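Below is one structure, written out as structure tokens; comments come after it.
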Amino acid sequence: MPLPRIVTLIVGLIVILGLTLWLIDSFSRLYWQFSYSSPLLGNLLLLLLVVLIGALIAVFVYYVLVIRAGEQRSRRARRQSAQVQVPTAKPDAASSTLQAVQQQVAQVQDEVARQALLSKTREIEANLARGEIQVVVFGTGSAGKTSLVNAVMGRIVGRVDAPMGTTQVGETYCLRLKGLERKILITDTPGILEAGVAGTEREQLARALATEADLLLFVVDNDLRKSEYDPLQVLAEIGKRSLLVFNKTDLYTDEDKEAILARLRQRVRGFIAVNDVVAITANPQAVKLEDGEIFQPDIDILPILRRMAVILRAEGEDLVADNILLQSLRLGEETRKLIDGQRRRQAEKIVQRFQWISAGVVSVTPLPGVDLLATAAVNAQMVLEIGKVYGCELNMERGRELAVSLAKTLASLGIVKGALELISTALQLNVGTFVIGRAIQGVTAAYMTRIAGKSFIEYFRHDQDWGDGGMTEVVQRQFQLNRRDEFIRGFITEAIARVVKPLTDKAEIVEQDNEKS
């Protein structure tokens with residue numbers, strides 16, 4: 001249970017206990033008065049007292065444990081629903097999401113990154129306007145992808161029976177399907193799982209093209225290998241409508257073909273439907289007959305053509321919208337990460353500035369112990385500036401309330417004491433001589449302000465929500481992250497230059513002046 005709710009529960013129970021004692025005293029006097037004249041009325045009065053006390057406790061506990069928890073859940077749900085408002089029609093959803101992404105992109109400060117993202121949004125917008133259906137043929141270099149494209153197009157559009165790596169870039173061809181107004185663009189991608197640096201680069205291109213497909217044809221020529229299964233599963237899981245195409249079936253007996261087909265359907269069960277696993281022969285091998293004559297079997301791609309036609313006629317509009325929506329969401333996520341990094345860097349600069357301001361305040365006006373409440377005004381201003389970076393406009397009263405609340409949490413967890421010991425030891429080891437108490441207090445105040453600031457960054461990053469673990473968990477995590485040796489070394493080096501040395505120099509000057517006088 002979060003700390004604020006525990007405190008509320010304790011305070012409420014104390015109030016209830018006080019009211020209970022007052023009620024008991026009042027009712028006891030009435031009871032003794034009525035017990036002599038009317039014992040039955042006195043007993044009823046006593047029963048009423050017990051019922052009232054029980055009801056009061058039950059109502060309070062129900063409010064704290066149930067109602068407030070429900071209010072928090074509803075607030076989170078409202079924030080989430082406000083962030084994502086998806087219209088019912090898929091094309092409208094795709095268009096609305098793309099517009100939202102364009103507004104996000106405008107917030108990116110890095111000019112190069114912003115222009116690259118804007119270029120992607122314009123490309124997605126153009127695809128939405130054209131409404132062409134993107135069919136991407138994907139698989140290993142030897143599975144017969146180009147042969148399949150050739151057979152579908154009805155003419156030779158690429159080299160067949162070529163070694164792996166022939167398709168260097170994605171090659172796209174236009175196809176018209178009867179009963180479908182939209183154009184169909186078929187893209188033959190480079191093969192995956194090719195050796196060498198060049199093969200890796202072609203595979204990256206193929207994967208990028210596959211993620212932009214409205215309909216994916218994943219071509220294999222045997223049972224699925226793990227190296228083929230993994231990318232197929234990943235593409236299906238991100239929302240790619242996929243067909244698994246078993247090619248080169250002319251190389252197998254009917255019995256073997258059916259066995260492989262059954263295994264393929266079994267392996268992809270859960271993310272590809274049984275009807276979406278089809279067997280074809282895109283480029284059958286010539287057979288030499290007993291009389292020496294060469295027989296060329298017919299191409300058999302009718303199963304994939306029929307399945308494509310059914311899917312594109314029934315789902316074509318939704319496939320285009322789904323793909324645009326998916327690309328927009330992925331671009332939006334990329335943009336959010338850039339903005340989050342941008343905001344984090346700005347907020348961390350604010351924390352770094354205020355940590356040394358706190359050090360100066362405490363060093364000039366030292367206290368018997370390090371107390372973040374003494375720098376509450378400084379930390380409150382820090383909270384306001386961090387909130388502004390994340391688009392949250394707070395007033396000074398709210399900023400001070402958050403700063404004081406976090407300072408109390410730091411003290412209650414023993415982090416102030418631990419930080420004082422950590423900083424004292426680190427300073428003595430690095431300076432090598434006696435360090436005046438004001439310097440230790442100042443550096444410790446800077447360190448505590450840093451932990452507070454980093455905690456507030458997490459608070460604002462998550463829409464002013466401390467998370468399920470509350471403020472306590474966030475603060476403890478930041479303390480652990482900021483006590484690592486590599487950070488402490490750099491922090492102490494900077495603290496010596498900013499705090500310790502100026503105070504030491506000032507102390508020496510004062511001492512010299514005293515000796516002269």
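Please note that chains go A, B, ... in the order of the structure tokens, that every chain numbers its residues from 1, and that ligands are numbered from 1 in the order shown.
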(request) Taking the chain letters and numbering used in this document, name the residues of region 260-427 of chain A that DSSP puts in helix (DSSP H, G or I), as a ChimeraX atom specification. (result) /A:260-267,274-276,302-364,372-389,396-412,415-427
(message) Please list as an MDAnalysis selection string every residue within 12 Å of Asn323 (chain A), counting only C-alpha atoms and excluding residues in the same chain fewer than 3 positions away.
(response) chainID A and resid 90:91 93:95 97:98 124:125 127:128 131:135 210:216 238:241 315:320 326:330
(request) Considering only C-alpha atoms, state which residue in the set A:Asn275, A:Gln296, A:Ser412, A:Thr146 is at the smallest distance from Asn247 (chain A). (result) A:Thr146
(request) Find, counting only C-alpha atoms, the residue in A:Ala208, A:Ile496, A:Leu422, A:Val268 that gets nearest to Asn482 (chain A). (result) A:Leu422
(request) Mind checking which residues fall within 12 Å of Gln480 (chain A), counting only C-alpha atoms, ignoring those fewer than 2 positions away in the same chain, and posting them as a ChimeraX atom specification? (result) /A:415,418-419,451,454-455,473-478,482-485,487-488
Any chance you can output those residues with C-alpha atoms as a PDB file, in the first residue's frame?
```pdb
ATOM      1  CA  ILE A 415      18.534   7.822   2.856  1.00  0.00           C
ATOM      2  CA  GLY A 418      23.140   6.958   4.363  1.00  0.00           C
ATOM      3  CA  ALA A 419      23.961   9.763   1.939  1.00  0.00           C
ATOM      4  CA  ILE A 451      18.125  12.070  -5.971  1.00  0.00           C
ATOM      5  CA  LYS A 454      15.860  12.330 -10.649  1.00  0.00           C
ATOM      6  CA  SER A 455      12.831  10.954  -8.775  1.00  0.00           C
ATOM      7  CA  GLU A 473      10.032   2.669  -4.575  1.00  0.00           C
ATOM      8  CA  VAL A 474      11.054   5.431  -7.024  1.00  0.00           C
ATOM      9  CA  VAL A 475      13.259   7.162  -4.432  1.00  0.00           C
ATOM     10  CA  GLN A 476      14.953   3.932  -3.362  1.00  0.00           C
ATOM     11  CA  ARG A 477      15.693   3.020  -6.982  1.00  0.00           C
ATOM     12  CA  GLN A 478      17.237   6.427  -7.677  1.00  0.00           C
ATOM     13  CA  ASN A 482      23.244   7.219  -7.825  1.00  0.00           C
ATOM     14  CA  ARG A 483      25.461   5.430  -5.316  1.00  0.00           C
ATOM     15  CA  ARG A 484      27.388   3.452  -7.904  1.00  0.00           C
ATOM     16  CA  ASP A 485      31.142   3.908  -7.768  1.00  0.00           C
ATOM     17  CA  PHE A 487      28.940   8.024 -10.577  1.00  0.00           C
ATOM     18  CA  ILE A 488      30.225   8.859  -7.091  1.00  0.00           C
TER      19      ILE A 488
END
```
(request) Would you please work out which residue, of A:Leu289, A:Gly332, A:Pro231, A:Arg176, is nearest to Leu118 (chain A) when using only C-alpha atoms? (result) A:Gly332
(request) Just give me the gap between CA of Leu406 (chain A) and CA of Val378 (chain A) in Å, one decimal is fine. (result) 13.3 Å
(message) Can you tell me which residues surround Ile192 (chain A) at a distance of at most 10 Å, considering only C-alpha atoms, apart from same-chain residues fewer than 3 positions away, and format the answer as a ChimeraX atom specification?
(response) /A:138-142,164-165,189,195,199-207,227-228,231
